[in-house]
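**Q** Structure file structure_7.pdb, PDB, C-alpha atoms, is pasted below:
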ATOM      1  CA  SER N   2       2.481  18.657  -4.485
ATOM      2  CA  MET N   3       5.463  16.824  -5.878
ATOM      3  CA  SER N   4       5.817  14.305  -8.696
ATOM      4  CA  LEU N   5       8.836  12.022  -8.519
ATOM      5  CA  VAL N   6       9.753  10.438 -11.868
ATOM      6  CA  LEU N   7      11.930   7.349 -11.352
ATOM      7  CA  ASP N   8      13.762   6.063 -14.436
ATOM      8  CA  ASN N   9      16.204   3.214 -15.089
ATOM      9  CA  VAL N  10      14.814   1.070 -12.235
ATOM     10  CA  ARG N  11      16.537  -2.341 -12.365
ATOM     11  CA  ASN N  12      15.656  -3.817  -8.984
ATOM     12  CA  LYS N  13      13.141  -3.427  -6.175
ATOM     13  CA  TYR N  14      13.484  -0.169  -4.199
ATOM     14  CA  ILE N  15      11.866   1.427  -1.177
ATOM     15  CA  VAL N  16      11.329   5.164  -1.744
ATOM     16  CA  ASP N  17      10.745   7.327   1.350
ATOM     17  CA  LEU N  18       9.866  11.016   1.608
ATOM     18  CA  LEU N  19      11.377  12.270   4.882
ATOM     19  CA  ASN N  20      11.010  15.511   6.818
ATOM     20  CA  GLU N  21      13.889  17.999   7.079
ATOM     21  CA  LYS N  22      15.397  16.347  10.168
ATOM     22  CA  ARG N  23      15.063  12.870   8.566
ATOM     23  CA  ASP N  24      13.428  11.540  11.722
ATOM     24  CA  GLN N  25       9.928  11.080  10.274
ATOM     25  CA  THR N  26       8.758   9.287   7.131
ATOM     26  CA  ILE N  27       6.015  11.293   5.427
ATOM     27  CA  ARG N  28       5.212   8.712   2.729
ATOM     28  CA  SER N  29       6.775   5.447   1.586
ATOM     29  CA  PHE N  30       6.465   3.482  -1.673
ATOM     30  CA  THR N  31       7.910   0.207  -2.971
ATOM     31  CA  ILE N  32       8.744   0.123  -6.684
ATOM     32  CA  ASP N  33      10.272  -2.389  -9.096
ATOM     33  CA  SER N  34       9.908  -0.629 -12.469
ATOM     34  CA  ASP N  35      10.050   2.859 -13.967
ATOM     35  CA  THR N  36       7.220   4.877 -12.445
ATOM     36  CA  THR N  37       5.995   8.284 -11.347
ATOM     37  CA  LEU N  38       5.163   8.717  -7.656
ATOM     38  CA  LEU N  39       2.757  11.438  -6.600
ATOM     39  CA  PHE N  40       2.993  13.247  -3.269
ATOM     40  CA  PRO N  41      -0.134  15.448  -3.162
ATOM     41  CA  TYR N  42      -1.024  17.938  -0.428
ATOM     42  CA  ILE N  43       2.459  18.308   1.055
ATOM     43  CA  LYS N  44       2.923  21.133   3.536
ATOM     44  CA  ALA N  45       5.442  23.814   2.605
ATOM     45  CA  GLY N  46       8.871  22.876   3.926
ATOM     46  CA  LYS N  47      12.081  20.996   3.224
ATOM     47  CA  TYR N  48      12.154  17.272   2.508
ATOM     48  CA  SER N  49      14.638  14.498   1.683
ATOM     49  CA  ILE N  50      14.160  11.534  -0.615
ATOM     50  CA  ARG N  51      15.717   8.259   0.540
ATOM     51  CA  LEU N  52      16.007   5.240  -1.746
ATOM     52  CA  THR N  53      16.845   1.782  -0.401
ATOM     53  CA  GLU N  54      17.825  -1.058  -2.745
ATOM     54  CA  ASP N  55      15.743  -4.039  -1.575
ATOM     55  CA  ILE N  56      18.024  -6.839  -2.831
ATOM     56  CA  ASN N  57      16.115  -9.700  -1.140
ATOM     57  CA  ARG N  58      12.755  -8.171  -2.190
ATOM     58  CA  ASN N  59      11.176  -8.491   1.278
ATOM     59  CA  GLY N  60       9.905  -4.885   1.439
ATOM     60  CA  LEU N  61      11.979  -4.113   4.555
ATOM     61  CA  VAL N  62      15.202  -2.172   5.105
ATOM     62  CA  ASP N  63      17.676  -4.863   6.176
ATOM     63  CA  THR N  64      20.547  -3.550   8.288
ATOM     64  CA  GLY N  65      22.771  -6.604   7.820
ATOM     65  CA  ASN N  66      24.015  -9.241  10.239
ATOM     66  CA  LEU N  67      27.653  -9.530  11.302
ATOM     67  CA  LEU N  68      27.361 -13.153  12.491
ATOM     68  CA  GLU N  69      25.762 -14.292   9.222
ATOM     69  CA  ARG N  70      28.115 -12.047   7.190
ATOM     70  CA  LYS N  71      25.192 -10.299   5.479
ATOM     71  CA  GLN N  72      25.826  -6.812   4.148
ATOM     72  CA  PRO N  73      23.221  -4.099   4.829
ATOM     73  CA  GLU N  74      21.107  -2.982   1.887
ATOM     74  CA  LYS N  75      22.345   0.114   0.042
ATOM     75  CA  VAL N  76      20.691   3.384   1.034
ATOM     76  CA  LYS N  77      21.099   6.598  -0.977
ATOM     77  CA  PHE N  78      19.731  10.112  -0.549
ATOM     78  CA  TYR N  79      18.788  11.991  -3.707
ATOM     79  CA  LYS N  80      20.991  15.050  -4.244
ATOM     80  CA  LEU N  81      20.088  18.123  -6.237
ATOM     81  CA  GLU N  82      22.531  19.496  -8.812
ATOM     82  CA  ASP N  83      24.010  21.836  -6.170
ATOM     83  CA  GLY N  84      24.769  18.844  -3.889
ATOM     84  CA  ASN N  85      22.006  19.644  -1.404
ATOM     85  CA  THR N  86      19.893  16.686  -0.214
ATOM     86  CA  LEU N  87      16.981  18.881   0.911
ATOM     87  CA  ILE N  88      14.213  19.754  -1.541
ATOM     88  CA  GLU N  89      12.315  22.904  -0.629
ATOM     89  CA  ILE N  90       8.629  22.868  -1.460
ATOM     90  CA  LEU N  91       6.954  26.231  -1.335
ATOM     91  CA  GLU N  92       3.281  26.806  -0.598
ATOM     92  CA  MET N  93       0.965  26.329  -3.628
ATOM     93  CA  THR N  94       3.781  24.747  -5.689
ATOM     94  CA  GLU N  95       3.735  21.797  -8.060
ATOM     95  CA  LEU N  96       7.229  20.340  -8.348
ATOM     96  CA  GLU N  97       8.552  17.532 -10.556
ATOM     97  CA  GLN N  98      11.860  15.770  -9.828
ATOM     98  CA  THR N  99      13.403  13.117 -12.072
ATOM     99  CA  ILE N 100      15.792  10.529 -10.633
ATOM    100  CA  ASP N 101      17.897   8.105 -12.670
ATOM    101  CA  VAL N 102      17.876   5.274 -10.129
ATOM    102  CA  GLY N 103      20.366   3.125 -12.062
ATOM    103  CA  GLU N 104      22.876   6.003 -12.067
ATOM    104  CA  LEU N 105      22.278   6.729  -8.367
ATOM    105  CA  PHE N 106      23.082   3.122  -7.354
ATOM    106  CA  ARG N 107      25.967   2.687  -9.804
TER     107      ARG N 107
END
Written as structure tokens, how would this file's structure read?
**A**
Amino acid sequence: SMSLVLDNVRNKYIVDLLNEKRDQTIRSFTIDSDTTLLFPYIKAGKYSIRLTEDINRNGLVDTGNLLERKQPEKVKFYKLEDGNTLIEILEMTELEQTIDVGELFR
């Protein structure tokens, strides 16, 4: 299992846990304050955490519109201290990650 502690949350965000190839969303949450997300019963493997700043607070990832001159919403992948964006979860492991969301979207 993994616990994801999100601090310094100043806006609404969509938090996605993705598989190693980033082509499948395992779980998705919408947050708007400091919180701890729990991801129980995750299979052993490598995962990425994607955070999307939901500026218009509609709960969707908006890709922007060139004709209306709307910018896409900011998307960031959480990086470990070594710069790697993949978090390896071993079998029978309880992992806790802390993310300063305000610093990530600075």
**Q** Can you give me, as a count of residues only, the residues this file yields under the PyMOL selection byres ((chain N and resi 36) around 9)?
**A** 11
**Q** Of the candidates N:Asn20, N:Asn9, N:Asp83, N:Lys71, which one gets nearest to Asp101 in chain N if we count all atoms listed in the file?
**A**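 For Asp101 in chain N, the nearest of the candidates is N:Asn9.
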**Q** Compile the contact shell of Thr31 in chain N as number ranges by chain: residues with an atom at most 7 Å away, counting all atoms listed in the file, same-chain residues fewer than 2 positions apart removed.
**A** N: 14-16
**Q** Between CA of Glu89 in chain N and CA of Gly46 in chain N, what distance in Å does the model show, to one decimal?
**A**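 Distance reported for this atom pair: 5.7 Å.
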**Q** Given only C-alpha atoms as the basis, pick out the residue of N:Ile100, N:Leu18, N:Arg23, N:Lys13 nearest to Asn59 in chain N.
**A**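 The answer is N:Lys13, which sits nearest to Asn59 in chain N.
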**Q** Could you tell me how far CA of Ser2 in chain N lies from CA of Gln98 in chain N, in Å and to one decimal?
**A** 11.2 Å
**Q** For this structure, which residues satisfy the selection - the PyMOL selection byres ((chain N and resi 78) around 9) - when it is evaluated on the file as given? I want them as a VMD selection string.
**A** chain N and resid 49 to 53 76 to 77 79 to 80 86 105
**Q** Put a box with edges along x, y and z around all the listed atoms of range 2-10 of chain N, pad it by 3 Å on each side, then give me its centre and sizes in Å, one decimal, as JSON.
**A**
{"center_x": 9.3, "center_y": 9.9, "center_z": -9.8, "size_x": 19.7, "size_y": 23.6, "size_z": 16.6}
**Q** Would you translate the PyMOL selection byres ((chain N and resi 95) around 8) into the concrete set of residues it matches in this file, as a list of chain:residue names?
**A**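 Output of the PyMOL selection byres ((chain N and resi 95) around 8): N:Ser2, N:Met3, N:Ser4, N:Met93, N:Thr94, N:Leu96, N:Glu97.
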**Q** Measure the distance from CA of Leu19 in chain N to CA of Gly60 in chain N in Å and round it to one decimal.
**A** 17.6 Å
**Q** Check the smallest atom-to-atom distance from each of N:Val102, N:Leu67, N:Ile56, N:Ala45 to Ile88 in chain N using all atoms listed in the file, then report the winner.
**A** N:Ala45
**Q** Find the residue from N:Asp55, N:Gly65, N:Tyr48, N:Thr26 that sits nearest to Arg11 in chain N; use only C-alpha atoms when measuring.
**A**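 Comparing N:Asp55, N:Gly65, N:Tyr48, N:Thr26 against Arg11 in chain N, the winner is N:Asp55.
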